[in-house]
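Below you'll find the structure, written out as structure tokens, and then a few comments.
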Amino acid sequence: MIDIKALRKDPDFFKDALKKRGYEVEIIDEVLKIDKEWRDVTTKINELRAKRNEISKEVAKAKREKDEDKTKALMEEGKEVGKKIKELEDKKRELEEKQKQLLLRIPNVPHESVPVGEDETYNVEIRKWGQPTEFDFEPKAHWDLGPELGLLDIERAGKLSGSRFVILYSKLAKLERALINFMLDLHTKEHGYIEVAPPHLVKRETMTWSGQLPKFEEEAYNTKKDDLFLIPTAEVPLVNLHAGEVLREDDLPLKYVAYTPCYRREAGSYGKDVRGMIRNHQFDKVELVWYTTPGKSYEALETLTSHAEEVLKRLKLPYRVILLSTGDMGFTASKTYDIEVWLPSYNAYKEISSCSNTESFQARRSNTRYRRKDGKLDFVHTLNGSGLAVGRTLVAIMENYQQPDGSIKVPDVLVPYTGFEVIP
RNA sequence: GGAGGCGUAGCCUAAUUGGCUAAGGCGUCGGCCUUGAAAGCCGAUGGGGCGCAAGCCCCGUGUGGGUUCGAGUCCCACCGCCUCCGCCA
């Protein structure tokens, strides 16, 4: 949620921000128009309420003095004022509802360091680690490798659940479990995160606070009967953990890590990444979330990103870090780094983590504040990043660690977790 | 699913049968005092509208409605927590 007071002061700043993202800017004028009406109505209501308060005081006084005629007259007058107030309050509610719907659909303002451009071609590569894996044989894609080993079952998954699901067996299933444990251990023991096991089903409000709703309802699985949503990422519960609370500045930054499955309908991605387990309706992810102060959130974004990168470094998987352009960034983000891992099957780098600073955008929606050293209340800044997408990490290991005989070597750091060094 | 209870500010706790400023304590911040600190004392400590400002006004007792001249208080719905019963991995 953007700051309406800031919008009043400098509408052009927000129009410019929308333009950079490739959004229509008319919405800003609509918001301002409703805001003007709202302020007019609010002023009138305030005046009438002041009058009503005055009248009720006089009623009480007249009653004490047992002046029945005066009491009756005042009550009549109060009734009239009350009617007018109610009319205006209905109008005000209507305006507020309209305004809320508009504001919830306005994306966050990009940070000044974000490259301006309409799509991903304007993204900027920040750094690269390692070199694309070279093979002295023809490497296989994971969607061939896995089934040939008998450990990745796409057909039966289709039977059970339809397309974009997979089943893992024995050593491959265990490798995935090892990855989860490795990531959680790294972030909790070395990077200082608090581990969280959150709910996987959340209320509509929760999805709204973190920015998934109302704009992206098509993307989410919903349980009709109870109107609960399957989380598309652990970011949703983690970033709403302190909704409505006032945190102490001394307790910041708060750093949380959670492993959860993620559920996405992938409604807008027909024909994209259809093979294997790159884009599934259900995938495992380890998510990192920070709560911090406005002055420190960009420094925090660098640190959080480095924590995600560390996973790839230890797994010795080649990757690069991309700074997303204004046109490629998500709705809630002010600035986003994508980490992309090398995938031989794509002969390209493929997103495996997305690390964003949302500044106060989510905190405003969820009303998450902290008390500053000077005693004042302010919104926290929230950041989120994958550390990492487990399914895609599994794919990256399968493809980059494959051997000529079709077996897969287990990365050294994972052997203590798997108990074996090669698959099968 | 059934029965009952509860929800007050950052936290804890008050508020006759609906009425005058939601009282008090703790914490936090600022000031006084002090060589420094503690203690003590004074003040501040939710949101909004109008205004250059001083300031004026409104709202705020889980959320949203309703009754009433007037609601923390009465009514309805929802959310959350607790207790008991039922069901259950």
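Just remember, in the structure tokens the first chain shown is A, the second B, etc., residues are 1-based per chain, and ligands are 1-based in the order shown.
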Contact residues (chain B, partner chain A, 9 Å, only C-alpha atoms (C1' of nucleotides)) as a PyMOL selection string: chain B and resi 10+19-20+28-30+45+49-50+57-59+69-70
Export, as a PDB file, in the first residue's frame, the selected residues with C-alpha atoms (C1' of nucleotides).
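In the end it all went to result33.pdb:
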ATOM      1  C1'   G B  10       3.366  -0.613  23.490  1.00  0.00           C
ATOM      2  C1'   G B  19     -23.980  10.870  30.337  1.00  0.00           C
ATOM      3  C1'   C B  20     -19.549  15.583  31.496  1.00  0.00           C
ATOM      4  C1'   U B  28       9.589   4.131  26.335  1.00  0.00           C
ATOM      5  C1'   C B  29      11.138   9.203  24.905  1.00  0.00           C
ATOM      6  C1'   G B  30      12.277  14.350  26.329  1.00  0.00           C
ATOM      7  C1'   U B  45       3.892   8.711  24.325  1.00  0.00           C
ATOM      8  C1'   G B  49      -9.394  16.611   8.915  1.00  0.00           C
ATOM      9  C1'   C B  50      -8.614  22.044   8.510  1.00  0.00           C
ATOM     10  C1'   C B  57     -12.081  19.881  15.666  1.00  0.00           C
ATOM     11  C1'   C B  58     -13.239  14.670  14.863  1.00  0.00           C
ATOM     12  C1'   C B  59     -12.414   9.538  15.459  1.00  0.00           C
ATOM     13  C1'   C B  69     -29.915  13.166  21.675  1.00  0.00           C
ATOM     14  C1'   G B  70     -25.606  10.327  23.551  1.00  0.00           C
TER      15        G B  70
END
May I have all residues of region 147-296 of chain A that DSSP, computed from the backbone, assigns to strand (DSSP E), given as a VMD selection string? chain A and resid 152 to 153 167 to 168 194 to 196 201 to 203 222 to 223 228 to 230 246 to 248 254 to 263 282 to 292
What does the distance between CA of Ile85 (chain A) and CA of Lys98 (chain A) come to in Å, to one decimal place?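 Calculated distance between CA of Ile85 (chain A) and CA of Lys98 (chain A) is 19.8 Å.
Proximity to Tyr417 (chain A) at 12 Å, evaluated using only C-alpha atoms (C1' of nucleotides) and with sequence-adjacent residues fewer than 5 positions away removed, yields Lys171, Lys174, Leu175, Glu176, Arg177, Ala178, Leu179, Ile180, Asn181, Phe182, Met183, Leu184, Asp185, Val410, Pro411 and Asp412 of chain A.
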Store the residues of this selection in a file with all heavy atoms, as a short mmCIF file (atom, residue, chain, number, x, y, z; two decimals), in the first residue's frame.
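Okay, this is what ended up in part01.cif:
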data_model
loop_
_atom_site.label_atom_id
_atom_site.label_comp_id
_atom_site.auth_asym_id
_atom_site.auth_seq_id
_atom_site.Cartn_x
_atom_site.Cartn_y
_atom_site.Cartn_z
N LYS A 171 16.20 -42.35 -3.20
CA LYS A 171 17.35 -41.46 -3.00
C LYS A 171 17.09 -40.03 -3.47
O LYS A 171 17.66 -39.09 -2.92
CB LYS A 171 18.58 -42.04 -3.69
CG LYS A 171 19.26 -43.13 -2.89
CD LYS A 171 20.59 -43.52 -3.51
CE LYS A 171 21.35 -44.49 -2.62
NZ LYS A 171 22.62 -44.95 -3.24
N LYS A 174 15.09 -38.41 -0.84
CA LYS A 174 15.93 -38.13 0.32
C LYS A 174 16.86 -36.95 0.04
O LYS A 174 17.16 -36.16 0.94
CB LYS A 174 16.75 -39.36 0.71
CG LYS A 174 17.47 -39.14 2.03
CD LYS A 174 17.92 -40.41 2.69
CE LYS A 174 18.52 -40.12 4.06
NZ LYS A 174 19.18 -41.29 4.65
N LEU A 175 17.30 -36.84 -1.21
CA LEU A 175 18.16 -35.71 -1.57
C LEU A 175 17.41 -34.39 -1.37
O LEU A 175 17.97 -33.41 -0.89
CB LEU A 175 18.63 -35.84 -3.02
CG LEU A 175 19.53 -34.73 -3.54
CD1 LEU A 175 20.83 -34.64 -2.74
CD2 LEU A 175 19.87 -34.92 -5.03
N GLU A 176 16.14 -34.41 -1.72
CA GLU A 176 15.35 -33.19 -1.51
C GLU A 176 15.24 -32.87 -0.02
O GLU A 176 15.38 -31.73 0.39
CB GLU A 176 13.95 -33.34 -2.13
CG GLU A 176 13.08 -32.12 -1.83
CD GLU A 176 11.95 -31.92 -2.81
OE1 GLU A 176 11.03 -32.76 -2.78
OE2 GLU A 176 11.96 -30.94 -3.58
N ARG A 177 15.01 -33.89 0.77
CA ARG A 177 14.91 -33.70 2.22
C ARG A 177 16.24 -33.19 2.77
O ARG A 177 16.28 -32.33 3.65
CB ARG A 177 14.51 -35.02 2.88
CG ARG A 177 14.37 -34.97 4.37
CD ARG A 177 13.33 -35.98 4.86
NE ARG A 177 13.62 -37.36 4.46
CZ ARG A 177 14.36 -38.21 5.18
NH1 ARG A 177 14.89 -37.83 6.31
NH2 ARG A 177 14.55 -39.44 4.75
N ALA A 178 17.33 -33.73 2.23
CA ALA A 178 18.66 -33.30 2.66
C ALA A 178 18.87 -31.82 2.35
O ALA A 178 19.43 -31.07 3.15
CB ALA A 178 19.72 -34.14 1.97
N LEU A 179 18.40 -31.40 1.18
CA LEU A 179 18.54 -30.01 0.78
C LEU A 179 17.82 -29.08 1.75
O LEU A 179 18.34 -28.04 2.14
CB LEU A 179 17.96 -29.81 -0.62
CG LEU A 179 18.92 -30.02 -1.80
CD1 LEU A 179 18.14 -29.97 -3.10
CD2 LEU A 179 20.01 -28.96 -1.79
N ILE A 180 16.61 -29.47 2.13
CA ILE A 180 15.83 -28.66 3.06
C ILE A 180 16.59 -28.51 4.38
O ILE A 180 16.75 -27.40 4.90
CB ILE A 180 14.45 -29.30 3.31
CG1 ILE A 180 13.62 -29.27 2.03
CG2 ILE A 180 13.72 -28.59 4.45
CD1 ILE A 180 12.42 -30.19 2.03
N ASN A 181 17.08 -29.64 4.89
CA ASN A 181 17.78 -29.60 6.17
C ASN A 181 19.08 -28.80 6.08
O ASN A 181 19.41 -28.03 6.98
CB ASN A 181 18.07 -31.02 6.65
CG ASN A 181 16.83 -31.68 7.19
OD1 ASN A 181 15.93 -31.00 7.72
ND2 ASN A 181 16.73 -32.98 7.03
N PHE A 182 19.78 -28.98 4.96
CA PHE A 182 21.03 -28.24 4.77
C PHE A 182 20.75 -26.72 4.77
O PHE A 182 21.44 -25.95 5.44
CB PHE A 182 21.68 -28.67 3.46
CG PHE A 182 22.72 -27.72 2.95
CD1 PHE A 182 23.90 -27.49 3.65
CD2 PHE A 182 22.50 -27.01 1.76
CE1 PHE A 182 24.85 -26.60 3.18
CE2 PHE A 182 23.45 -26.12 1.29
CZ PHE A 182 24.62 -25.90 2.00
N MET A 183 19.75 -26.32 4.03
CA MET A 183 19.45 -24.88 3.94
C MET A 183 19.01 -24.32 5.30
O MET A 183 19.47 -23.26 5.71
CB MET A 183 18.34 -24.65 2.91
CG MET A 183 18.77 -24.90 1.46
SD MET A 183 17.40 -24.56 0.32
CE MET A 183 17.99 -25.39 -1.16
N LEU A 184 18.13 -25.05 5.98
CA LEU A 184 17.67 -24.57 7.29
C LEU A 184 18.82 -24.48 8.28
O LEU A 184 18.93 -23.51 9.04
CB LEU A 184 16.57 -25.49 7.83
CG LEU A 184 15.20 -25.38 7.15
CD1 LEU A 184 14.27 -26.47 7.67
CD2 LEU A 184 14.58 -24.01 7.38
N ASP A 185 19.69 -25.47 8.27
CA ASP A 185 20.82 -25.45 9.18
C ASP A 185 21.75 -24.27 8.89
O ASP A 185 22.20 -23.57 9.80
CB ASP A 185 21.62 -26.76 9.08
CG ASP A 185 20.94 -27.90 9.83
OD1 ASP A 185 19.97 -27.61 10.57
OD2 ASP A 185 21.37 -29.06 9.68
N VAL A 410 26.40 -36.67 -5.42
CA VAL A 410 25.82 -35.82 -4.39
C VAL A 410 26.85 -34.76 -3.99
O VAL A 410 28.00 -35.11 -3.71
CB VAL A 410 25.42 -36.65 -3.15
CG1 VAL A 410 24.94 -35.75 -2.02
CG2 VAL A 410 24.35 -37.67 -3.52
N PRO A 411 26.50 -33.49 -3.98
CA PRO A 411 27.45 -32.45 -3.56
C PRO A 411 28.00 -32.76 -2.17
O PRO A 411 27.26 -33.25 -1.31
CB PRO A 411 26.60 -31.18 -3.54
CG PRO A 411 25.49 -31.44 -4.50
CD PRO A 411 25.22 -32.92 -4.41
N ASP A 412 29.28 -32.47 -1.98
CA ASP A 412 29.96 -32.83 -0.73
C ASP A 412 29.22 -32.38 0.52
O ASP A 412 29.08 -33.13 1.48
CB ASP A 412 31.38 -32.22 -0.72
CG ASP A 412 32.25 -32.85 -1.79
OD1 ASP A 412 31.90 -33.97 -2.25
OD2 ASP A 412 33.27 -32.24 -2.18
#
Counting only C-alpha atoms, which residues in region 236-322 of chain A sit no more than 9 Å from region 349-360 of chain A? For each one, give the nearest pair of atoms and the distance in Å, sorted by chain then residue number, as JSON lines.
{"residue": "A:Leu288", "atom": "CA", "partner": "A:Cys355", "partner_atom": "CA", "distance": 8.7}
{"residue": "A:Thr293", "atom": "CA", "partner": "A:Glu359", "partner_atom": "CA", "distance": 8.9}
{"residue": "A:Pro294", "atom": "CA", "partner": "A:Glu359", "partner_atom": "CA", "distance": 6.9}
{"residue": "A:Ser297", "atom": "CA", "partner": "A:Asn357", "partner_atom": "CA", "distance": 6.9}
{"residue": "A:Tyr298", "atom": "CA", "partner": "A:Asn357", "partner_atom": "CA", "distance": 7.1}
{"residue": "A:Ala300", "atom": "CA", "partner": "A:Asn357", "partner_atom": "CA", "distance": 8.4}
{"residue": "A:Leu301", "atom": "CA", "partner": "A:Asn357", "partner_atom": "CA", "distance": 6.1}
{"residue": "A:Glu302", "atom": "CA", "partner": "A:Cys355", "partner_atom": "CA", "distance": 9.0}
{"residue": "A:Leu304", "atom": "CA", "partner": "A:Cys355", "partner_atom": "CA", "distance": 7.3}
{"residue": "A:Thr305", "atom": "CA", "partner": "A:Cys355", "partner_atom": "CA", "distance": 6.0}
{"residue": "A:Ala308", "atom": "CA", "partner": "A:Ser353", "partner_atom": "CA", "distance": 7.3}
{"residue": "A:Glu309", "atom": "CA", "partner": "A:Ser353", "partner_atom": "CA", "distance": 8.8}
{"residue": "A:Pro318", "atom": "CA", "partner": "A:Tyr349", "partner_atom": "CA", "distance": 8.8}
{"residue": "A:Tyr319", "atom": "CA", "partner": "A:Tyr349", "partner_atom": "CA", "distance": 7.0}
{"residue": "A:Arg320", "atom": "CA", "partner": "A:Tyr349", "partner_atom": "CA", "distance": 7.5}
Write a file of the just-selected residues containing N, CA and C atoms, as a compact mmCIF listing (two decimals), in the first residue's frame.
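Writing done, so here's part.txt:
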# COMPACT_ATOMS: atom_id res chain seq x y z
N LEU A 288 13.37 -16.75 3.30
CA LEU A 288 14.00 -15.86 4.28
C LEU A 288 13.20 -14.56 4.34
N THR A 293 14.44 -1.65 10.04
CA THR A 293 14.07 -0.23 10.07
C THR A 293 14.31 0.38 8.69
N PRO A 294 13.60 1.48 8.37
CA PRO A 294 13.74 2.09 7.05
C PRO A 294 15.19 2.43 6.70
N SER A 297 17.18 -0.98 5.47
CA SER A 297 16.59 -2.06 4.67
C SER A 297 17.37 -2.37 3.40
N TYR A 298 18.06 -1.38 2.84
CA TYR A 298 18.80 -1.69 1.61
C TYR A 298 20.09 -2.43 1.88
N ALA A 300 20.20 -4.43 4.32
CA ALA A 300 19.65 -5.76 4.63
C ALA A 300 19.39 -6.56 3.35
N LEU A 301 18.96 -5.89 2.29
CA LEU A 301 18.70 -6.59 1.03
C LEU A 301 19.98 -7.23 0.51
N GLU A 302 21.10 -6.51 0.62
CA GLU A 302 22.38 -7.07 0.17
C GLU A 302 22.74 -8.30 1.01
N LEU A 304 20.72 -10.27 2.84
CA LEU A 304 19.78 -11.37 2.59
C LEU A 304 20.13 -12.08 1.29
N THR A 305 20.43 -11.30 0.25
CA THR A 305 20.79 -11.89 -1.04
C THR A 305 22.05 -12.74 -0.91
N ALA A 308 21.32 -16.14 0.47
CA ALA A 308 20.78 -17.07 -0.53
C ALA A 308 21.90 -17.57 -1.44
N GLU A 309 22.78 -16.65 -1.82
CA GLU A 309 23.90 -17.03 -2.69
C GLU A 309 24.80 -18.07 -2.03
N PRO A 318 27.02 -23.07 -10.33
CA PRO A 318 27.28 -21.76 -10.94
C PRO A 318 26.01 -20.91 -11.02
N TYR A 319 26.17 -19.64 -10.72
CA TYR A 319 24.99 -18.78 -10.73
C TYR A 319 25.39 -17.35 -11.08
N ARG A 320 24.35 -16.53 -11.31
CA ARG A 320 24.58 -15.10 -11.45
C ARG A 320 23.49 -14.35 -10.73
Just to confirm, what's the straight-line distance from CA of His187 (chain A) to CA of Val236 (chain A) in Å (one decimal)? 19.0 Å
Using C1' of G1 (chain B) and C1' of U63 (chain B) as the two end points, give the distance in Å to one decimal. 24.6 Å
I'd like to know which residues of region 276-403 of chain A are helix (DSSP H, G or I) (by DSSP, run on the backbone); could you write them as an NGL selection string? :A and (294-315 or 361-366 or 390-400)
Close residues, region 71-77 of chain B itself excluded, 9 Å, only C-alpha atoms (C1' of nucleotides), min 2 positions apart in chain, as a list in words: U8, A15, G18, A22, U61, G64, G65, G66, U67 and U68 of chain B
